[in-house]
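Have a look at coords-v7.txt; it's compact mmCIF, C-alpha atoms:
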```
# COMPACT_ATOMS: atom_id res chain seq x y z
CA MET A 21 4.49 -5.57 25.65
CA LYS A 22 1.06 -6.66 26.78
CA ASN A 23 -1.85 -5.10 28.66
CA TYR A 24 -0.86 -1.55 27.68
CA SER A 25 -2.09 1.05 30.17
CA ILE A 26 -3.24 3.73 27.73
CA ILE A 27 -6.95 4.08 28.46
CA PRO A 28 -6.51 7.31 30.45
CA ALA A 29 -5.00 8.90 27.37
CA CYS A 30 -8.24 8.14 25.53
CA GLN A 31 -10.28 10.03 28.08
CA VAL A 32 -8.56 13.40 27.90
CA ARG A 33 -11.14 15.94 29.03
CA THR A 34 -9.81 18.67 26.69
CA LEU A 35 -11.14 16.88 23.62
CA THR A 36 -14.22 18.79 22.49
CA ASN A 37 -15.09 16.99 19.26
CA LEU A 38 -17.36 14.11 20.37
CA SER A 39 -16.94 12.13 17.16
CA PHE A 40 -13.18 12.40 17.36
CA ARG A 41 -13.29 11.31 20.99
CA LYS A 42 -15.37 8.26 20.07
CA ILE A 43 -13.01 7.32 17.25
CA LEU A 44 -10.00 7.70 19.51
CA LEU A 45 -11.63 5.68 22.28
CA ILE A 46 -12.62 2.86 19.92
CA SER A 47 -9.12 2.85 18.47
CA CYS A 48 -7.66 2.48 21.93
CA PHE A 49 -9.88 -0.50 22.76
CA VAL A 50 -8.93 -2.16 19.47
CA PHE A 51 -5.27 -1.53 20.20
CA ILE A 52 -5.61 -3.03 23.68
CA ALA A 53 -7.47 -6.09 22.37
CA VAL A 54 -4.81 -6.73 19.74
CA ALA A 55 -2.02 -6.16 22.26
CA SER A 56 -3.54 -8.63 24.71
CA ARG A 57 -3.58 -11.30 22.00
CA SER A 58 -0.09 -10.81 20.63
CA GLN A 59 3.38 -9.95 21.80
CA THR A 60 5.07 -8.64 18.71
CA VAL A 61 8.55 -7.20 19.01
CA ASN A 62 10.52 -6.07 15.96
CA GLY A 63 7.99 -7.81 13.75
CA VAL A 64 8.15 -11.19 15.55
CA ASP A 65 5.09 -12.51 17.42
CA TYR A 66 6.16 -14.24 20.65
CA SER A 67 2.68 -14.89 22.07
CA HIS A 68 2.89 -18.65 21.49
CA LEU A 69 5.73 -18.74 24.02
CA SER A 70 3.78 -16.94 26.77
CA GLY A 71 3.92 -20.04 28.99
CA VAL A 72 7.58 -19.41 29.79
CA TYR A 73 6.48 -16.52 32.01
CA HIS A 74 5.57 -19.15 34.61
CA THR A 75 8.86 -21.05 34.52
CA PHE A 76 10.47 -20.90 37.99
CA ASP A 77 8.54 -17.74 38.93
CA MET A 78 5.35 -19.09 40.41
CA ALA A 79 5.82 -17.66 43.90
CA GLY A 80 2.78 -15.71 44.97
CA ASP A 81 0.60 -16.88 42.05
CA ASP A 82 -2.17 -18.84 43.77
CA VAL A 83 -4.36 -19.57 40.74
CA PHE A 84 -6.59 -22.63 40.86
CA GLY A 85 -6.17 -24.94 37.86
CA GLN A 86 -3.32 -23.00 36.27
CA ARG A 87 -0.85 -24.90 34.11
CA PHE A 88 2.91 -24.56 33.98
CA PRO A 89 5.54 -25.87 31.59
CA SER A 90 7.47 -28.99 32.46
CA GLU A 91 10.48 -28.49 34.71
CA ASN A 92 11.76 -32.01 34.24
CA PHE A 93 15.45 -32.65 33.79
CA THR A 94 16.89 -36.09 33.10
CA TYR A 95 20.42 -37.06 34.03
CA VAL A 96 22.46 -40.23 34.32
CA ASP A 97 23.57 -41.10 37.84
CA ASP A 98 27.37 -41.07 37.60
CA VAL A 99 27.72 -44.01 40.01
CA THR A 100 24.86 -46.35 39.07
CA GLY A 101 24.23 -45.38 35.44
CA THR A 102 20.48 -45.10 36.12
CA THR A 103 18.64 -42.36 34.22
CA ASP A 104 16.80 -40.26 36.80
CA ASN A 105 14.13 -37.70 35.95
CA ALA A 106 13.87 -34.63 38.18
CA LEU A 107 10.18 -33.70 37.85
CA THR A 108 10.75 -30.43 39.73
CA THR A 109 13.84 -28.24 39.48
CA SER A 110 12.55 -24.83 40.59
CA ARG A 111 13.92 -22.86 43.50
CA HIS A 112 10.92 -23.80 45.64
CA ASN A 113 10.49 -26.61 48.15
CA ASN A 114 8.76 -29.51 46.42
CA SER A 115 7.77 -32.76 48.09
CA LYS A 116 6.04 -36.02 47.20
CA MET A 117 3.23 -37.35 49.38
CA TYR A 118 4.20 -39.49 52.37
CA GLN A 119 5.04 -43.07 51.36
CA THR A 120 2.14 -44.56 53.34
CA HIS A 121 -0.31 -42.97 50.86
CA PRO A 122 -0.85 -43.22 47.08
CA GLN A 123 1.26 -40.90 44.90
CA TRP A 124 -0.41 -41.52 41.55
CA THR A 125 -3.98 -40.76 40.52
CA ALA A 126 -6.04 -43.93 40.17
CA ASP A 127 -5.59 -43.97 36.37
CA GLY A 128 -1.80 -43.60 36.75
CA LYS A 129 -1.68 -40.49 34.56
CA TYR A 130 -0.53 -37.98 37.20
CA VAL A 131 1.78 -37.78 40.20
CA VAL A 132 0.55 -35.45 42.97
CA ILE A 133 3.00 -33.40 45.03
CA THR A 134 2.96 -30.39 47.32
CA SER A 135 5.01 -27.23 46.86
CA ASP A 136 5.47 -23.83 48.50
CA ARG A 137 5.29 -22.05 45.11
CA THR A 138 2.48 -19.78 46.29
CA SER A 139 4.45 -18.60 49.33
CA THR A 140 5.49 -15.00 49.76
CA ARG A 141 7.61 -13.26 52.38
CA GLU A 142 4.41 -12.33 54.19
CA LYS A 143 2.64 -15.69 53.94
CA ARG A 144 4.00 -19.23 54.04
CA ASP A 145 1.79 -21.50 51.97
CA ARG A 146 1.79 -24.91 50.29
CA GLN A 147 -0.55 -26.11 47.59
CA ALA A 148 -0.97 -29.44 45.79
CA TYR A 149 0.04 -29.92 42.16
CA ALA A 150 -0.48 -32.74 39.65
CA ILE A 151 2.40 -33.60 37.30
CA SER A 152 1.57 -35.36 34.04
CA MET A 153 3.34 -38.68 33.48
CA ASP A 154 2.98 -37.99 29.76
CA ASN A 155 4.62 -34.57 29.27
CA PHE A 156 5.47 -33.58 32.90
CA GLU A 157 3.40 -30.39 32.77
CA ILE A 158 2.30 -29.12 36.19
CA VAL A 159 -1.27 -28.23 37.22
CA GLN A 160 -2.24 -26.51 40.48
CA ILE A 161 -5.10 -28.52 42.03
CA THR A 162 -5.73 -26.77 45.37
CA THR A 163 -5.99 -23.10 46.29
CA GLY A 164 -6.44 -20.80 49.29
CA ASP A 165 -7.08 -22.94 52.34
CA ARG A 166 -5.96 -26.17 50.68
CA GLY A 167 -7.10 -28.26 53.62
CA SER A 168 -5.11 -31.06 55.22
CA ASN A 169 -4.32 -34.75 54.91
CA LEU A 170 -4.92 -34.98 51.16
CA HIS A 171 -5.38 -38.62 50.15
CA LEU A 172 -5.71 -39.73 46.52
CA GLY A 173 -8.39 -42.24 45.62
CA TRP A 174 -7.62 -45.93 45.30
CA HIS A 175 -10.16 -46.44 42.50
CA LYS A 176 -11.50 -42.98 41.57
CA ASN A 177 -9.56 -40.08 40.08
CA SER A 178 -10.43 -38.02 43.13
CA ALA A 179 -8.68 -36.73 46.22
CA TYR A 180 -10.07 -36.59 49.75
CA LEU A 181 -9.14 -33.99 52.37
CA PHE A 182 -10.32 -32.16 55.45
CA ARG A 183 -10.96 -28.44 55.25
CA GLY A 184 -11.49 -27.58 58.86
CA ASN A 185 -14.13 -30.08 59.96
CA LYS A 186 -15.57 -30.69 56.49
CA LEU A 187 -14.60 -33.84 54.64
CA VAL A 188 -14.27 -32.92 50.97
CA GLU A 189 -13.95 -34.94 47.77
CA LEU A 190 -11.96 -33.10 45.08
CA GLN A 191 -12.96 -34.29 41.60
CA LEU A 192 -9.51 -34.38 40.04
CA GLU A 193 -10.47 -35.94 36.73
CA LYS A 194 -12.89 -33.11 35.92
CA LEU A 195 -10.47 -30.44 37.13
CA LEU A 196 -7.50 -31.76 35.14
CA GLU A 197 -9.59 -32.07 31.97
CA ASP A 198 -10.95 -28.52 32.36
CA SER A 199 -7.43 -27.21 32.99
CA LYS A 200 -6.27 -28.86 29.77
CA ASN A 201 -9.17 -27.22 27.89
CA GLY A 202 -8.75 -23.82 29.56
CA THR A 203 -12.24 -23.94 31.09
CA VAL A 204 -11.50 -24.11 34.84
CA GLY A 205 -14.36 -22.92 37.02
CA SER A 206 -14.34 -21.94 40.68
CA PRO A 207 -12.96 -24.40 43.28
CA GLU A 208 -16.49 -25.15 44.49
CA ASP A 209 -17.33 -26.57 41.05
CA TYR A 210 -15.01 -29.51 41.74
CA GLU A 211 -15.72 -30.19 45.41
CA ILE A 212 -18.31 -32.39 47.10
CA VAL A 213 -18.75 -32.01 50.87
CA LEU A 214 -19.15 -35.60 52.06
CA ALA A 215 -19.56 -34.94 55.77
CA THR A 216 -19.09 -32.45 58.58
CA VAL A 217 -17.25 -33.69 61.67
CA PRO A 218 -18.42 -32.26 65.03
CA ASP A 219 -16.53 -29.12 66.07
CA SER A 220 -15.25 -30.83 69.22
CA ILE A 221 -13.19 -33.24 67.08
CA HIS A 222 -10.01 -32.12 65.31
CA PRO A 223 -9.10 -34.56 62.50
CA SER A 224 -5.45 -35.49 62.04
CA GLY A 225 -4.21 -38.00 59.54
CA LEU A 226 -6.45 -39.63 56.96
CA GLY A 227 -6.82 -43.21 55.82
CA LEU A 228 -9.13 -44.06 52.91
CA ASP A 229 -10.88 -47.41 53.23
CA ALA A 230 -10.16 -49.97 50.51
CA ASN A 231 -13.80 -49.75 49.36
CA GLU A 232 -13.46 -45.96 49.08
CA ASN A 233 -16.74 -45.38 50.92
CA ARG A 234 -15.37 -44.05 54.24
CA VAL A 235 -12.28 -42.59 55.82
CA PHE A 236 -10.55 -43.09 59.15
CA PHE A 237 -8.71 -40.38 61.06
CA SER A 238 -7.09 -39.84 64.44
CA THR A 239 -7.42 -36.99 66.89
CA ARG A 240 -5.78 -35.93 70.15
CA ILE A 241 -8.16 -35.97 73.11
CA ASN A 242 -5.53 -34.73 75.54
CA LYS A 243 -1.78 -35.01 76.03
CA ASP A 244 -1.91 -38.72 76.84
CA THR A 245 -4.97 -39.92 74.90
CA SER A 246 -5.87 -40.26 71.24
CA ALA A 247 -8.83 -41.69 69.34
CA ILE A 248 -9.63 -43.06 65.90
CA TYR A 249 -12.89 -42.16 64.16
CA SER A 250 -14.53 -43.22 60.92
CA VAL A 251 -16.68 -41.11 58.59
CA GLU A 252 -19.07 -42.79 56.14
CA PHE A 253 -19.64 -41.10 52.79
CA ASN A 254 -23.27 -42.11 52.30
CA SER A 255 -24.60 -41.22 55.74
CA GLY A 256 -22.07 -38.56 56.68
CA LYS A 257 -21.94 -40.04 60.18
CA THR A 258 -18.85 -39.76 62.36
CA LYS A 259 -18.24 -42.75 64.66
CA LYS A 260 -15.59 -43.28 67.32
CA ALA A 261 -13.80 -46.60 66.87
CA LEU A 262 -11.37 -46.62 69.81
CA GLU A 263 -9.28 -44.67 72.32
CA VAL A 264 -5.66 -45.38 73.25
CA PRO A 265 -3.46 -43.94 76.05
CA PHE A 266 -0.81 -42.49 73.73
CA ARG A 267 -0.34 -40.11 70.84
CA ILE A 268 -1.30 -41.63 67.49
CA GLY A 269 1.06 -40.87 64.61
CA HIS A 270 0.98 -42.16 61.04
CA LEU A 271 -2.37 -43.75 60.20
CA GLN A 272 -2.96 -45.73 57.01
CA SER A 273 -5.76 -47.93 55.70
CA ASN A 274 -5.08 -51.32 54.17
CA PRO A 275 -5.43 -50.54 50.43
CA PHE A 276 -6.62 -54.09 49.71
CA VAL A 277 -8.87 -55.08 52.64
CA THR A 278 -11.81 -53.04 53.92
CA GLY A 279 -12.06 -52.08 57.59
CA GLU A 280 -8.36 -52.44 58.43
CA VAL A 281 -6.13 -49.65 59.71
CA MET A 282 -2.49 -49.60 60.79
CA TYR A 283 -1.28 -46.77 63.00
CA CYS A 284 1.67 -46.00 65.22
CA TRP A 285 2.47 -44.90 68.75
CA GLU A 286 4.20 -41.60 68.04
CA THR A 287 6.84 -40.18 70.39
CA GLY A 288 9.00 -38.21 67.97
CA GLY A 289 11.60 -40.96 68.29
CA ASP A 290 11.53 -44.54 69.55
CA SER A 291 8.37 -45.84 71.20
CA PRO A 292 7.68 -48.78 73.55
CA GLN A 293 5.47 -50.48 70.94
CA ARG A 294 5.42 -48.75 67.55
CA MET A 295 2.90 -50.60 65.37
CA TRP A 296 -0.80 -51.21 66.08
CA TYR A 297 -3.59 -52.71 64.02
CA MET A 298 -7.33 -51.97 64.17
CA THR A 299 -10.05 -53.89 62.34
CA ILE A 300 -13.79 -53.23 62.08
CA ASP A 301 -16.02 -56.07 60.91
CA GLU A 302 -19.34 -55.83 59.04
CA ASP A 303 -21.26 -55.56 62.33
CA GLY A 304 -19.09 -52.68 63.54
CA ASN A 305 -17.12 -54.74 66.07
CA VAL A 306 -13.65 -53.30 66.67
CA THR A 307 -10.50 -55.23 67.49
CA ASN A 308 -7.18 -53.58 68.28
CA LYS A 309 -3.80 -55.20 68.84
CA PRO A 310 -0.05 -54.53 68.67
CA ILE A 311 1.82 -56.09 65.79
CA TYR A 312 5.47 -57.16 65.95
CA ASN A 313 6.02 -57.18 69.71
CA GLU A 314 9.19 -55.21 70.37
CA ASP A 315 12.19 -56.01 72.55
CA ASP A 316 13.71 -53.26 74.70
CA ASN A 317 16.40 -52.51 72.14
CA ASP A 318 14.18 -52.58 69.04
CA TRP A 319 13.52 -49.29 67.29
CA VAL A 320 10.73 -49.90 64.76
CA THR A 321 10.00 -47.26 62.15
CA HIS A 322 8.41 -46.39 58.78
CA GLU A 323 5.91 -49.18 58.40
CA VAL A 324 3.97 -49.47 55.10
CA PHE A 325 1.62 -52.01 53.56
CA MET A 326 3.08 -54.73 51.36
CA GLY A 327 0.05 -56.38 49.80
CA PRO A 328 -3.19 -57.31 51.61
CA ASP A 329 -1.63 -59.50 54.33
CA HIS A 330 1.84 -58.09 54.90
CA ILE A 331 3.57 -54.93 56.03
CA LEU A 332 7.15 -53.72 55.59
CA PHE A 333 9.20 -51.86 58.21
CA HIS A 334 12.69 -51.21 59.58
CA LEU A 335 14.48 -52.09 62.77
CA MET A 336 16.81 -49.12 63.04
CA GLY A 337 20.51 -49.81 63.54
CA HIS A 338 22.04 -46.35 63.88
CA LEU A 339 22.84 -46.62 67.63
CA ASP A 340 25.16 -49.08 69.39
CA ARG A 341 22.48 -50.18 71.86
CA LEU A 342 20.18 -51.18 69.00
CA GLN A 343 22.70 -53.57 67.56
CA THR A 344 22.31 -56.09 70.38
CA ASN A 345 19.49 -57.44 68.19
CA GLN A 346 19.41 -58.01 64.44
CA THR A 347 18.53 -54.76 62.66
CA GLY A 348 17.43 -54.08 59.13
CA LEU A 349 14.53 -54.49 56.76
CA TYR A 350 11.62 -56.75 57.74
CA SER A 351 8.25 -57.81 56.40
CA LEU A 352 5.52 -59.13 58.66
CA ASN A 353 2.49 -61.34 58.00
CA ILE A 354 -0.23 -59.41 59.85
CA ARG A 355 -2.42 -62.52 60.04
CA THR A 356 0.17 -64.70 61.79
CA ASN A 357 2.55 -62.02 63.18
CA GLU A 358 5.46 -63.92 61.56
CA PRO A 359 8.42 -61.70 60.50
CA GLU A 360 10.83 -62.21 57.60
CA PHE A 361 14.24 -60.55 57.40
CA HIS A 362 15.27 -58.86 54.13
CA GLY A 363 18.79 -57.67 54.94
CA GLN A 364 20.64 -54.63 56.23
CA THR A 365 23.12 -52.14 54.86
CA VAL A 366 25.97 -50.11 56.37
CA MET A 367 26.22 -46.57 57.81
CA GLY A 368 23.26 -46.78 60.17
CA GLY A 369 21.17 -49.08 58.03
CA TYR A 370 18.06 -48.71 55.90
CA TRP A 371 15.59 -45.95 56.73
CA HIS A 372 12.36 -45.76 54.64
CA CYS A 373 10.90 -48.51 52.49
CA ASN A 374 8.23 -49.48 49.98
CA ALA A 375 7.40 -52.50 47.82
CA THR A 376 5.73 -53.60 44.63
CA PRO A 377 2.10 -54.71 45.04
CA ASP A 378 3.07 -58.32 44.29
CA ARG A 379 5.60 -58.25 47.20
CA LYS A 380 8.46 -59.41 44.97
CA TRP A 381 10.61 -56.26 45.11
CA ILE A 382 11.47 -53.79 47.85
CA VAL A 383 13.06 -50.35 47.72
CA ALA A 384 14.81 -48.84 50.74
CA ASP A 385 16.82 -45.65 51.26
CA THR A 386 19.63 -44.64 53.61
CA PHE A 387 20.60 -41.62 55.67
CA ASP A 388 23.17 -40.54 53.07
CA GLY A 389 20.71 -40.53 50.17
CA LYS A 390 21.17 -43.91 48.51
CA LEU A 391 18.26 -45.96 47.16
CA TYR A 392 18.45 -49.75 46.83
CA ARG A 393 16.28 -52.35 45.11
CA ILE A 394 16.07 -55.60 47.07
CA ASN A 395 14.72 -58.96 45.94
CA ALA A 396 12.21 -59.92 48.64
CA GLU A 397 13.06 -63.61 48.17
CA ASP A 398 16.85 -63.28 47.94
CA ASN A 399 18.67 -60.96 50.36
CA ASP A 400 21.83 -61.18 48.26
CA ASP A 401 20.09 -59.68 45.20
CA VAL A 402 20.54 -56.01 46.06
CA VAL A 403 21.05 -53.25 43.47
CA LEU A 404 21.99 -49.61 44.13
CA LEU A 405 19.56 -47.65 41.93
CA THR A 406 20.62 -44.07 42.64
CA GLN A 407 22.65 -42.04 45.12
CA GLY A 408 23.66 -38.53 46.14
CA HIS A 409 20.25 -37.31 47.25
CA ARG A 410 21.44 -36.36 50.76
CA LYS A 411 24.97 -35.30 49.92
CA ASN A 412 25.93 -33.93 53.32
CA SER A 413 24.14 -36.39 55.60
CA ILE A 414 25.13 -39.51 57.49
CA SER A 415 22.40 -38.91 60.08
CA PRO A 416 18.61 -38.71 59.86
CA PHE A 417 18.60 -35.47 61.82
CA THR A 418 19.53 -32.96 59.12
CA ASP A 419 17.55 -30.57 56.93
CA GLU A 420 18.13 -32.49 53.70
CA ALA A 421 15.16 -34.22 52.09
CA HIS A 422 13.95 -37.63 53.26
CA LEU A 423 13.67 -39.81 50.15
CA HIS A 424 10.39 -41.48 51.26
CA PRO A 425 10.42 -43.86 48.26
CA SER A 426 7.14 -44.99 46.68
CA VAL A 427 6.72 -47.66 44.00
CA SER A 428 4.11 -47.06 41.30
CA PRO A 429 1.04 -49.36 41.28
CA ASP A 430 2.27 -50.95 38.03
CA GLY A 431 5.64 -51.75 39.65
CA LYS A 432 7.64 -49.84 37.03
CA TRP A 433 8.65 -46.58 38.72
CA VAL A 434 10.02 -45.24 41.99
CA LEU A 435 9.23 -41.73 43.21
CA ILE A 436 11.55 -40.03 45.72
CA ASN A 437 12.40 -36.71 47.32
CA SER A 438 15.91 -35.41 46.68
CA SER A 439 18.30 -32.67 47.78
CA LEU A 440 20.64 -33.27 44.86
CA PHE A 441 19.73 -30.10 42.94
CA THR A 442 17.88 -27.92 45.45
CA ASP A 443 16.73 -28.29 49.06
CA SER A 444 13.90 -30.57 47.97
CA ASP A 445 12.83 -31.82 44.55
CA VAL A 446 10.75 -34.78 43.38
CA LEU A 447 12.49 -37.39 41.20
CA LEU A 448 11.21 -40.32 39.15
CA LEU A 449 13.34 -43.32 38.16
CA PRO A 450 12.77 -46.82 36.78
CA LEU A 451 12.66 -49.72 39.22
CA PHE A 452 14.43 -51.83 36.57
CA PRO A 453 16.81 -49.53 34.66
CA LYS A 454 17.72 -50.48 31.12
CA LYS A 455 21.31 -51.60 30.76
```

Please rewrite the model in this file as C-alpha cells.
Amino acid sequence: MKNYSIIPACQVRTLTNLSFRKILLISCFVFIAVASRSQTVNGVDYSHLSGVYHTFDMAGDDVFGQRFPSENFTYVDDVTGTTDNALTTSRHNNSKMYQTHPQWTADGKYVVITSDRTSTREKRDRQAYAISMDNFEIVQITTGDRGSNLHLGWHKNSAYLFRGNKLVELQLEKLLEDSKNGTVGSPEDYEIVLATVPDSIHPSGLGLDANENRVFFSTRINKDTSAIYSVEFNSGKTKKALEVPFRIGHLQSNPFVTGEVMYCWETGGDSPQRMWYMTIDEDGNVTNKPIYNEDDNDWVTHEVFMGPDHILFHLMGHLDRLQTNQTGLYSLNIRTNEPEFHGQTVMGGYWHCNATPDRKWIVADTFDGKLYRINAEDNDDVVLLTQGHRKNSISPFTDEAHLHPSVSPDGKWVLINSSLFTDSDVLLLPLFPKK
C-alpha cells in the first residue's frame, strides 16, 4: 500500500469549482506523502520493516550503494562440528574473490564478493557487494559497467579496477559510510581516474604493488605472446615490463615486497612450466625467471603468496601418470627456490590453498568439497574443518563451486565458496573452531 497512483483522479476536467479543485489536489498530495512514509494495514504500521522487500528479490535492481538485510545462516557441520556461517543464501550465484587477491577491506570490516543479483533474462550481469563482518548486511558497491579485475587495497579502504582502459580507484570507505547514512551520491562521486592505458593495450588481470602506488597487469599481444605492464598512480604512465612467448594467466603482486610479481603460464590445464617470477628494482631493471622447475610428470597449480619470501602451491595427484613423483601441498622459498612438502590427502589430492600471514597454518580444499587445516611445521597435524561443499563431485571438472579458500589477515577466519545450499554461496568459518 505505497505510492498510490491517484493523481489522475485529482485532475478530473469536469470539476468547475477552482477552489474545490485546489482543495482536492492538495488533499491528494498530502495523502500521497503520508502513504509514501507509512504502510499501515488494519491499523498496524509496517513501514519499519520495508527492508524485507529486498530479501532474495534483488534481481534486476542495479542501484548503486543500496543496502540489503543480512542473509546469513549459521549451521553446525554434522561431521566436523564446526559452526559455519553462510553469508549468502539467496537464489543467485554468489562468489568470493579469487584466492590470490585480498577478500577483506583493509580495515577488516567488510568482505567483498561478486553476485549476479542484477541479472535479468535479457541481460547477464555481475556486480560487487560488501558484506559487513559486524551484522552481515550487504551493500552494492559497483553499478552499470562495473569494470574488471577488482582488487581491494592492501592499506587503504579502496578498490582498484579497470573500466575499459581507465584505471579507477573506488573510494570504498566513503561509499560505505554514505550508504550507512542514506546519503549515497552518483558513482562518479566515489571514483578517481588514476590513469588511462593506451587503446592498443587490453588489460587483463591486476596486481596491486605492496606500496599501493602502482598496479601490474598482463595483456595478450597475439595467440603465442603476452606482456606485463605497470601503471604508476602519480604519473599515470604505462610502462611495458616484459614479453613472454606464452599466454599469461593468474597474476599477483607480492603483498609484502614492492616490485615483485608472480604469474603463471596458462594453458587451461597443465603447462610445461607453471610459475614465473618478475621483479623490478628501484632503477627499473627487470628480472624474470621460472620458479620451481618442473619435471615432466609434475602438474603445478593454484600458487599463492605465503608471507614475503614464500609461496604455496599444489602438485596435482588426480592422474596415474602424475603419481610417479610425490604429489601434494608444497611451499617454496622464492629466494632460494627450496621446496618444503606439507602432505597430501586422498581422492585426487588437495586442490586450492591459502595460509596465515605468519606461515604457521595452511588451509587446503579437495575436489569433493572438504576443507582441511594443516600445521605448516607438522604434516601429521591435519584437521578437517568442514565438508559437503561439492556434494556430487570427485573431479575438478564439474559445475559445483570451487572453494578457493582465503584466510583473513588476522588469521582467525576462512572464507570459501560452497554449493551446499545453492549453486554458489559464500561461507565464513573459524580457522580454530571452539570445542

Selection: 7 Å around segment 107-115 of chain A, all atoms listed in the file, excl. self and same-chain fewer than 3 positions, as a ChimeraX atom specification | /A:76,91-93,133-137,156,437,442-448

Selection as a count of residues only: residues within 12 Å of (13.0, -58.9, 71.8), counting only C-alpha atoms = 18

Near-segment 278-286 of chain A list (6 Å; all atoms listed in the file; drop same-chain fewer than 5 positions) as a PDB file with C-alpha atoms, keeping the file's coordinate frame:
```
ATOM      1  CA  ASP A 229     -10.880 -47.410  53.230  1.00  0.00           C
ATOM      2  CA  ALA A 230     -10.160 -49.970  50.510  1.00  0.00           C
ATOM      3  CA  ASN A 231     -13.800 -49.750  49.360  1.00  0.00           C
ATOM      4  CA  ARG A 267      -0.340 -40.110  70.840  1.00  0.00           C
ATOM      5  CA  ILE A 268      -1.300 -41.630  67.490  1.00  0.00           C
ATOM      6  CA  GLY A 269       1.060 -40.870  64.610  1.00  0.00           C
ATOM      7  CA  HIS A 270       0.980 -42.160  61.040  1.00  0.00           C
ATOM      8  CA  LEU A 271      -2.370 -43.750  60.200  1.00  0.00           C
ATOM      9  CA  GLN A 272      -2.960 -45.730  57.010  1.00  0.00           C
ATOM     10  CA  SER A 273      -5.760 -47.930  55.700  1.00  0.00           C
ATOM     11  CA  ARG A 294       5.420 -48.750  67.550  1.00  0.00           C
ATOM     12  CA  MET A 295       2.900 -50.600  65.370  1.00  0.00           C
ATOM     13  CA  TRP A 296      -0.800 -51.210  66.080  1.00  0.00           C
ATOM     14  CA  TYR A 297      -3.590 -52.710  64.020  1.00  0.00           C
ATOM     15  CA  MET A 298      -7.330 -51.970  64.170  1.00  0.00           C
ATOM     16  CA  THR A 299     -10.050 -53.890  62.340  1.00  0.00           C
ATOM     17  CA  ILE A 300     -13.790 -53.230  62.080  1.00  0.00           C
TER      18      ILE A 300
END
```

Go through A:Asn399, A:Thr94, A:Thr203, A:Asn353 one by one, measure the shortest atom-to-atom distance of each to Phe441 of chain A using all atoms listed in the file, and give the residue with the smallest value.
->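 Going through A:Asn399, A:Thr94, A:Thr203, A:Asn353 one by one, the smallest distance to Phe441 of chain A is for A:Thr94.
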
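The spacing separating atom CA of Thr125 of chain A from atom CA of Ser152 of chain A amounts to 10.1 Å.
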
Could you please determine the separation between atom CA of Tyr350 of chain A and atom CA of Ala396 of chain A in Å, to one decimal place?
->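 Going from atom CA of Tyr350 of chain A over to atom CA of Ala396 of chain A, I get 9.7 Å.
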
Gap from atom CA of Leu391 of chain A to atom CA of Arg379 of chain A - Å, one decimal | 17.6 Å

Residue with the minimum atom-to-atom distance to Lys411 of chain A, picked from A:Asp329, A:Asp388, A:Asp303, A:Glu193 with all atoms listed in the file counted, is A:Asp388
